[in-house]
$ cat coords39.txt   # compact mmCIF, N, CA, C and O atoms
# COMPACT_ATOMS: atom_id res chain seq x y z
N MET C 1 51.17 34.71 5.65
CA MET C 1 51.96 33.52 5.82
C MET C 1 52.43 33.04 4.44
O MET C 1 51.63 32.71 3.58
N ARG C 2 53.69 33.03 4.23
CA ARG C 2 54.26 32.58 2.96
C ARG C 2 54.31 31.06 2.92
O ARG C 2 54.60 30.41 3.92
N ALA C 3 54.03 30.52 1.76
CA ALA C 3 54.09 29.07 1.56
C ALA C 3 55.36 28.72 0.81
O ALA C 3 55.85 29.50 -0.01
N ASN C 4 55.89 27.57 1.11
CA ASN C 4 57.03 27.05 0.38
C ASN C 4 56.55 26.68 -1.02
O ASN C 4 55.46 26.14 -1.19
N LEU C 5 57.37 26.96 -2.03
CA LEU C 5 56.98 26.65 -3.41
C LEU C 5 56.77 25.15 -3.61
O LEU C 5 55.87 24.72 -4.32
N ARG C 6 57.58 24.33 -2.95
CA ARG C 6 57.42 22.88 -3.04
C ARG C 6 56.06 22.44 -2.51
O ARG C 6 55.39 21.60 -3.11
N ASP C 7 55.65 23.01 -1.38
CA ASP C 7 54.35 22.66 -0.81
C ASP C 7 53.20 23.11 -1.71
O ASP C 7 52.21 22.39 -1.86
N ALA C 8 53.34 24.28 -2.32
CA ALA C 8 52.30 24.77 -3.23
C ALA C 8 52.19 23.86 -4.45
O ALA C 8 51.09 23.53 -4.89
N ILE C 9 53.33 23.42 -4.99
CA ILE C 9 53.32 22.54 -6.15
C ILE C 9 52.68 21.21 -5.80
O ILE C 9 51.83 20.69 -6.53
N LEU C 10 53.06 20.63 -4.66
CA LEU C 10 52.48 19.35 -4.24
C LEU C 10 50.97 19.47 -4.05
O LEU C 10 50.21 18.59 -4.45
N TYR C 11 50.52 20.55 -3.42
CA TYR C 11 49.10 20.75 -3.20
C TYR C 11 48.35 20.85 -4.53
O TYR C 11 47.30 20.23 -4.72
N LEU C 12 48.88 21.64 -5.45
CA LEU C 12 48.20 21.83 -6.73
C LEU C 12 48.19 20.57 -7.57
O LEU C 12 47.19 20.25 -8.23
N VAL C 13 49.28 19.80 -7.57
CA VAL C 13 49.33 18.55 -8.33
C VAL C 13 48.37 17.53 -7.71
O VAL C 13 47.66 16.83 -8.41
N TYR C 14 48.33 17.48 -6.38
CA TYR C 14 47.45 16.52 -5.69
C TYR C 14 45.99 16.83 -5.96
O TYR C 14 45.18 15.92 -6.12
N ASN C 15 45.62 18.09 -6.02
CA ASN C 15 44.22 18.48 -6.17
C ASN C 15 43.80 18.75 -7.61
O ASN C 15 42.66 19.13 -7.85
N ALA C 16 44.70 18.58 -8.56
CA ALA C 16 44.34 18.81 -9.96
C ALA C 16 43.48 17.67 -10.49
O ALA C 16 43.66 16.51 -10.12
N LYS C 17 42.54 18.01 -11.35
CA LYS C 17 41.67 16.99 -11.94
C LYS C 17 42.46 16.10 -12.88
O LYS C 17 42.25 14.90 -12.93
N TYR C 18 43.38 16.70 -13.64
CA TYR C 18 44.26 15.98 -14.56
C TYR C 18 45.70 16.34 -14.23
O TYR C 18 45.94 17.43 -13.71
N PRO C 19 46.66 15.49 -14.54
CA PRO C 19 48.06 15.83 -14.26
C PRO C 19 48.47 17.09 -15.01
O PRO C 19 48.36 17.15 -16.23
N PRO C 20 48.91 18.13 -14.29
CA PRO C 20 49.27 19.38 -14.97
C PRO C 20 50.59 19.26 -15.72
O PRO C 20 51.52 18.59 -15.28
N THR C 21 50.65 19.91 -16.86
CA THR C 21 51.90 19.98 -17.61
C THR C 21 52.77 21.08 -17.00
O THR C 21 52.35 21.77 -16.07
N LYS C 22 53.96 21.26 -17.54
CA LYS C 22 54.85 22.30 -17.02
C LYS C 22 54.21 23.67 -17.16
O LYS C 22 54.22 24.46 -16.21
N THR C 23 53.59 23.93 -18.30
CA THR C 23 52.96 25.23 -18.53
C THR C 23 51.74 25.43 -17.63
O THR C 23 51.58 26.49 -17.03
N SER C 24 50.90 24.42 -17.54
CA SER C 24 49.70 24.58 -16.72
C SER C 24 50.04 24.66 -15.24
O SER C 24 49.34 25.33 -14.48
N LEU C 25 51.13 24.01 -14.81
CA LEU C 25 51.55 24.14 -13.42
C LEU C 25 52.00 25.57 -13.12
O LEU C 25 51.68 26.11 -12.06
N MET C 26 52.70 26.19 -14.07
CA MET C 26 53.09 27.60 -13.88
C MET C 26 51.86 28.48 -13.77
O MET C 26 51.82 29.40 -12.95
N LYS C 27 50.86 28.22 -14.59
CA LYS C 27 49.64 29.03 -14.56
C LYS C 27 48.87 28.81 -13.25
O LYS C 27 48.30 29.75 -12.69
N LEU C 28 48.84 27.56 -12.77
CA LEU C 28 48.15 27.27 -11.51
C LEU C 28 48.81 27.98 -10.33
O LEU C 28 48.13 28.55 -9.47
N VAL C 29 50.13 27.96 -10.29
CA VAL C 29 50.84 28.65 -9.20
C VAL C 29 50.62 30.15 -9.31
O VAL C 29 50.41 30.83 -8.30
N TYR C 30 50.65 30.69 -10.53
CA TYR C 30 50.39 32.12 -10.71
C TYR C 30 49.00 32.48 -10.22
O TYR C 30 48.82 33.49 -9.51
N LEU C 31 48.00 31.70 -10.59
CA LEU C 31 46.64 32.00 -10.15
C LEU C 31 46.49 31.88 -8.64
O LEU C 31 45.78 32.67 -8.01
N ALA C 32 47.16 30.90 -8.04
CA ALA C 32 47.13 30.78 -6.58
C ALA C 32 47.76 32.01 -5.93
O ALA C 32 47.22 32.55 -4.95
N ASP C 33 48.88 32.47 -6.48
CA ASP C 33 49.51 33.69 -5.97
C ASP C 33 48.61 34.90 -6.15
O ASP C 33 48.50 35.75 -5.27
N TYR C 34 47.97 34.99 -7.30
CA TYR C 34 47.11 36.14 -7.59
C TYR C 34 45.93 36.20 -6.61
O TYR C 34 45.66 37.25 -6.02
N TYR C 35 45.24 35.08 -6.45
CA TYR C 35 44.07 35.11 -5.56
C TYR C 35 44.48 35.26 -4.10
O TYR C 35 43.77 35.88 -3.32
N TYR C 36 45.62 34.73 -3.72
CA TYR C 36 46.13 34.95 -2.35
C TYR C 36 46.45 36.43 -2.15
O TYR C 36 46.15 37.00 -1.11
N TRP C 37 47.04 37.05 -3.18
CA TRP C 37 47.34 38.48 -3.11
C TRP C 37 46.06 39.31 -2.99
O TRP C 37 46.02 40.29 -2.25
N ARG C 38 45.02 38.91 -3.73
CA ARG C 38 43.73 39.64 -3.64
C ARG C 38 43.14 39.57 -2.25
O ARG C 38 42.53 40.52 -1.77
N LEU C 39 43.31 38.42 -1.57
CA LEU C 39 42.74 38.26 -0.24
C LEU C 39 43.61 38.86 0.87
O LEU C 39 43.09 39.43 1.82
N HIS C 40 44.94 38.70 0.76
CA HIS C 40 45.83 39.03 1.88
C HIS C 40 46.81 40.16 1.60
O HIS C 40 47.53 40.57 2.50
N GLY C 41 46.89 40.64 0.37
CA GLY C 41 47.76 41.75 0.07
C GLY C 41 49.22 41.39 -0.13
O GLY C 41 50.07 42.27 -0.20
N GLU C 42 49.55 40.11 -0.20
CA GLU C 42 50.91 39.66 -0.47
C GLU C 42 50.87 38.34 -1.22
O GLU C 42 49.87 37.64 -1.19
N GLN C 43 51.96 38.04 -1.92
CA GLN C 43 52.02 36.78 -2.65
C GLN C 43 52.14 35.60 -1.70
O GLN C 43 52.68 35.74 -0.60
N MET C 44 51.66 34.46 -2.14
CA MET C 44 51.77 33.24 -1.33
C MET C 44 53.17 32.66 -1.42
O MET C 44 53.70 32.14 -0.45
N THR C 45 53.80 32.72 -2.60
CA THR C 45 55.14 32.17 -2.80
C THR C 45 56.11 33.32 -3.08
O THR C 45 55.71 34.48 -3.17
N ASP C 46 57.38 32.99 -3.23
CA ASP C 46 58.40 34.00 -3.53
C ASP C 46 58.74 34.06 -5.01
O ASP C 46 59.81 34.51 -5.38
N CYS C 47 57.85 33.61 -5.87
CA CYS C 47 58.12 33.60 -7.31
C CYS C 47 58.22 35.02 -7.86
O CYS C 47 57.46 35.90 -7.46
N LYS C 48 59.14 35.20 -8.78
CA LYS C 48 59.28 36.46 -9.51
C LYS C 48 58.73 36.21 -10.92
O LYS C 48 59.31 35.45 -11.69
N TYR C 49 57.60 36.80 -11.24
CA TYR C 49 56.93 36.55 -12.51
C TYR C 49 57.42 37.51 -13.58
O TYR C 49 57.70 38.67 -13.30
N GLU C 50 57.51 37.00 -14.81
CA GLU C 50 57.87 37.79 -15.97
C GLU C 50 56.78 37.61 -17.02
O GLU C 50 56.09 36.60 -17.03
N LEU C 51 56.68 38.56 -17.91
CA LEU C 51 55.71 38.46 -18.99
C LEU C 51 56.37 37.76 -20.17
O LEU C 51 57.34 38.26 -20.73
N GLY C 52 55.87 36.58 -20.52
CA GLY C 52 56.39 35.82 -21.65
C GLY C 52 55.52 36.01 -22.88
O GLY C 52 54.63 36.87 -22.90
N ASN C 53 55.79 35.22 -23.90
CA ASN C 53 55.02 35.34 -25.14
C ASN C 53 53.56 34.95 -24.96
O ASN C 53 52.69 35.48 -25.64
N TYR C 54 53.27 34.01 -24.08
CA TYR C 54 51.91 33.49 -23.92
C TYR C 54 51.36 33.72 -22.52
O TYR C 54 50.46 33.02 -22.09
N GLY C 55 51.90 34.67 -21.80
CA GLY C 55 51.41 34.97 -20.46
C GLY C 55 52.56 35.06 -19.48
O GLY C 55 53.72 35.11 -19.85
N VAL C 56 52.21 35.05 -18.21
CA VAL C 56 53.23 35.19 -17.17
C VAL C 56 53.95 33.86 -16.94
O VAL C 56 53.35 32.79 -17.05
N VAL C 57 55.23 33.95 -16.62
CA VAL C 57 56.02 32.76 -16.34
C VAL C 57 56.90 33.02 -15.13
O VAL C 57 57.26 34.16 -14.83
N CYS C 58 57.21 31.96 -14.44
CA CYS C 58 58.17 31.97 -13.34
C CYS C 58 59.03 30.73 -13.54
O CYS C 58 58.53 29.60 -13.42
N TYR C 59 60.29 30.92 -13.86
CA TYR C 59 61.15 29.80 -14.20
C TYR C 59 61.57 28.98 -12.98
O TYR C 59 62.13 27.90 -13.12
N ASP C 60 61.27 29.48 -11.77
CA ASP C 60 61.56 28.70 -10.57
C ASP C 60 60.62 27.51 -10.43
O ASP C 60 60.97 26.52 -9.80
N ILE C 61 59.43 27.60 -10.99
CA ILE C 61 58.43 26.55 -10.81
C ILE C 61 58.84 25.25 -11.49
O ILE C 61 58.90 24.21 -10.82
N PRO C 62 59.18 25.21 -12.79
CA PRO C 62 59.61 23.94 -13.37
C PRO C 62 60.93 23.45 -12.81
O PRO C 62 61.15 22.24 -12.67
N ASP C 63 61.83 24.39 -12.45
CA ASP C 63 63.10 23.98 -11.84
C ASP C 63 62.87 23.30 -10.50
O ASP C 63 63.48 22.28 -10.19
N THR C 64 61.97 23.85 -9.70
CA THR C 64 61.66 23.25 -8.40
C THR C 64 60.96 21.91 -8.58
O THR C 64 61.27 20.95 -7.89
N ALA C 65 60.03 21.82 -9.53
CA ALA C 65 59.32 20.56 -9.78
C ALA C 65 60.28 19.48 -10.24
O ALA C 65 60.16 18.32 -9.82
N GLU C 66 61.24 19.82 -11.10
CA GLU C 66 62.19 18.83 -11.58
C GLU C 66 63.19 18.44 -10.50
O GLU C 66 63.68 17.30 -10.48
N SER C 67 63.49 19.35 -9.58
CA SER C 67 64.44 19.02 -8.51
C SER C 67 63.80 18.21 -7.39
O SER C 67 64.51 17.71 -6.53
N MET C 68 62.49 18.10 -7.38
CA MET C 68 61.81 17.34 -6.33
C MET C 68 62.10 15.85 -6.43
O MET C 68 61.99 15.13 -5.46
N GLY C 69 62.44 15.39 -7.61
CA GLY C 69 62.83 13.99 -7.77
C GLY C 69 61.67 13.03 -7.75
O GLY C 69 60.51 13.40 -7.59
N GLU C 70 62.00 11.78 -7.91
CA GLU C 70 60.99 10.71 -7.99
C GLU C 70 60.30 10.45 -6.66
O GLU C 70 59.25 9.83 -6.64
N ARG C 71 60.88 10.89 -5.55
CA ARG C 71 60.24 10.61 -4.25
C ARG C 71 58.97 11.42 -4.07
O ARG C 71 58.04 10.97 -3.41
N GLU C 72 58.91 12.62 -4.66
CA GLU C 72 57.73 13.48 -4.48
C GLU C 72 56.89 13.60 -5.74
O GLU C 72 55.67 13.51 -5.68
N LEU C 73 57.54 13.85 -6.87
CA LEU C 73 56.83 14.03 -8.14
C LEU C 73 57.49 13.19 -9.21
O LEU C 73 58.67 12.93 -9.17
N LYS C 74 56.69 12.78 -10.17
CA LYS C 74 57.26 12.12 -11.34
C LYS C 74 56.63 12.74 -12.58
O LYS C 74 55.48 13.15 -12.57
N LEU C 75 57.42 12.82 -13.62
CA LEU C 75 56.95 13.35 -14.90
C LEU C 75 56.53 12.18 -15.76
O LEU C 75 57.33 11.30 -16.06
N THR C 76 55.27 12.13 -16.12
CA THR C 76 54.71 11.02 -16.87
C THR C 76 54.40 11.48 -18.29
O THR C 76 53.81 12.54 -18.49
N MET C 77 54.80 10.68 -19.25
CA MET C 77 54.53 11.00 -20.66
C MET C 77 53.14 10.49 -21.03
O MET C 77 52.78 9.36 -20.72
N PHE C 78 52.36 11.35 -21.70
CA PHE C 78 51.05 11.00 -22.19
C PHE C 78 51.05 11.08 -23.70
O PHE C 78 52.04 11.47 -24.31
N LEU C 79 49.94 10.76 -24.31
CA LEU C 79 49.82 10.79 -25.76
C LEU C 79 50.07 12.18 -26.33
O LEU C 79 50.72 12.35 -27.34
N PHE C 80 49.57 13.19 -25.63
CA PHE C 80 49.70 14.57 -26.12
C PHE C 80 50.54 15.42 -25.20
O PHE C 80 50.19 16.53 -24.87
N GLY C 81 51.66 14.92 -24.73
CA GLY C 81 52.56 15.70 -23.88
C GLY C 81 52.90 14.95 -22.61
O GLY C 81 52.82 13.74 -22.53
N SER C 82 53.29 15.70 -21.60
CA SER C 82 53.67 15.09 -20.34
C SER C 82 53.04 15.88 -19.20
O SER C 82 52.68 17.04 -19.34
N GLY C 83 52.93 15.24 -18.05
CA GLY C 83 52.34 15.89 -16.90
C GLY C 83 52.96 15.40 -15.62
O GLY C 83 53.55 14.33 -15.56
N TYR C 84 52.86 16.21 -14.56
CA TYR C 84 53.39 15.86 -13.26
C TYR C 84 52.37 15.06 -12.48
O TYR C 84 51.19 15.40 -12.46
N GLN C 85 52.82 14.02 -11.81
CA GLN C 85 51.97 13.22 -10.95
C GLN C 85 52.70 12.97 -9.65
O GLN C 85 53.94 13.02 -9.60
N LEU C 86 51.96 12.68 -8.60
CA LEU C 86 52.58 12.35 -7.31
C LEU C 86 53.16 10.95 -7.37
O LEU C 86 52.61 10.06 -8.02
N SER C 87 54.25 10.75 -6.68
CA SER C 87 54.85 9.41 -6.60
C SER C 87 54.24 8.65 -5.46
O SER C 87 53.86 9.18 -4.47
$ encode --input "coords39.txt" --output "C-alpha cells"
Amino acid sequence: MRANLRDAILYLVYNAKYPPTKTSLMKLVYLADYYYWRLHGEQMTDCKYELGNYGVVCYDIPDTAESMGERELKLTMFLFGSGYQLS
C-alpha cells in the first residue's frame, strides 16, 4: 500500500520529538521508505532518491512540505535554524 507523500510528512512531523528541519525531514522520509521496503519489498512513497554530498536526497520532500501551506504545516525559525511544525 503506497502512502501519499503529504500524509507521510504530516505523520513524521506530528510524531517527531523536535520540529524537523528540511534536511532531517528528508532523512526521516528516507528511513521510513527504507524500513517499509525491508518489510514489504516496495517503497512507501514515490520519492526518487539521489546520492548527494551528505547522503541521500529527494527534492520532492521539501517542495511538497512548502506547498502544503500554512493550513497544514508552518516553517518556524529557531535560534539555530528552522523547523516544520503543524499548524
$ residues_around --input "coords39.txt" --residues "stretch 50-57 of chain C" --least-positions-apart "3" --cutoff "7 Å" --atoms "all atoms listed in the file" --output "list in words"
Thr23, Met26, Lys27 and Asp60 of chain C
$ write_last_selection --input "coords39.txt" --atoms "N, CA, C and O atoms" --output "JSON list (two decimals), in the coordinates of the input"
[["chain", "number", "residue", "atom", "x", "y", "z"],
["C", 23, "THR", "N", 53.59, 23.93, -18.30],
["C", 23, "THR", "CA", 52.96, 25.23, -18.53],
["C", 23, "THR", "C", 51.74, 25.43, -17.63],
["C", 23, "THR", "O", 51.58, 26.49, -17.03],
["C", 26, "MET", "N", 52.70, 26.19, -14.07],
["C", 26, "MET", "CA", 53.09, 27.60, -13.88],
["C", 26, "MET", "C", 51.86, 28.48, -13.77],
["C", 26, "MET", "O", 51.82, 29.40, -12.95],
["C", 27, "LYS", "N", 50.86, 28.22, -14.59],
["C", 27, "LYS", "CA", 49.64, 29.03, -14.56],
["C", 27, "LYS", "C", 48.87, 28.81, -13.25],
["C", 27, "LYS", "O", 48.30, 29.75, -12.69],
["C", 60, "ASP", "N", 61.27, 29.48, -11.77],
["C", 60, "ASP", "CA", 61.56, 28.70, -10.57],
["C", 60, "ASP", "C", 60.62, 27.51, -10.43],
["C", 60, "ASP", "O", 60.97, 26.52, -9.80]]
$ closest_residue --input "coords39.txt" --among "C:Thr45, C:Ala3, C:Pro62, C:Leu39" --to "C:Lys22" --atoms "only N, CA, C and O atoms"
C:Pro62
$ select_by_dssp --input "coords39.txt" --residues "chain C" --states "strand (DSSP E or B)" --output "list in words"
Glu50, Leu51, Gly52, Gly55, Val56, Val57, Leu73, Lys74, Leu75, Thr76, Met77, Phe78, Gly81, Ser82, Gly83, Tyr84, Gln85 and Leu86 of chain C
$ select_by_dssp --input "coords39.txt" --residues "stretch 12-57 of chain C" --states "helix (DSSP H, G or I)" --output "PyMOL selection string"
chain C and resi 12-15+22-40
$ residues_near_point --input "coords39.txt" --point "(49.0, 24.9, -14.2)" --cutoff "12 Å" --atoms "only C-alpha atoms" --output "ChimeraX atom specification"
/C:8-13,15-32,56-58,61-62,83-84
$ atom_distance --input "coords39.txt" --atom1 "atom CA of C:Arg2" --atom2 "atom CA of C:Thr76"
29.3 Å
$ atom_distance --input "coords39.txt" --atom1 "atom N of C:Lys48" --atom2 "atom N of C:Glu70"
23.6 Å
$ atom_distance --input "coords39.txt" --atom1 "atom N of C:Glu66" --atom2 "atom CA of C:Arg6"
9.4 Å
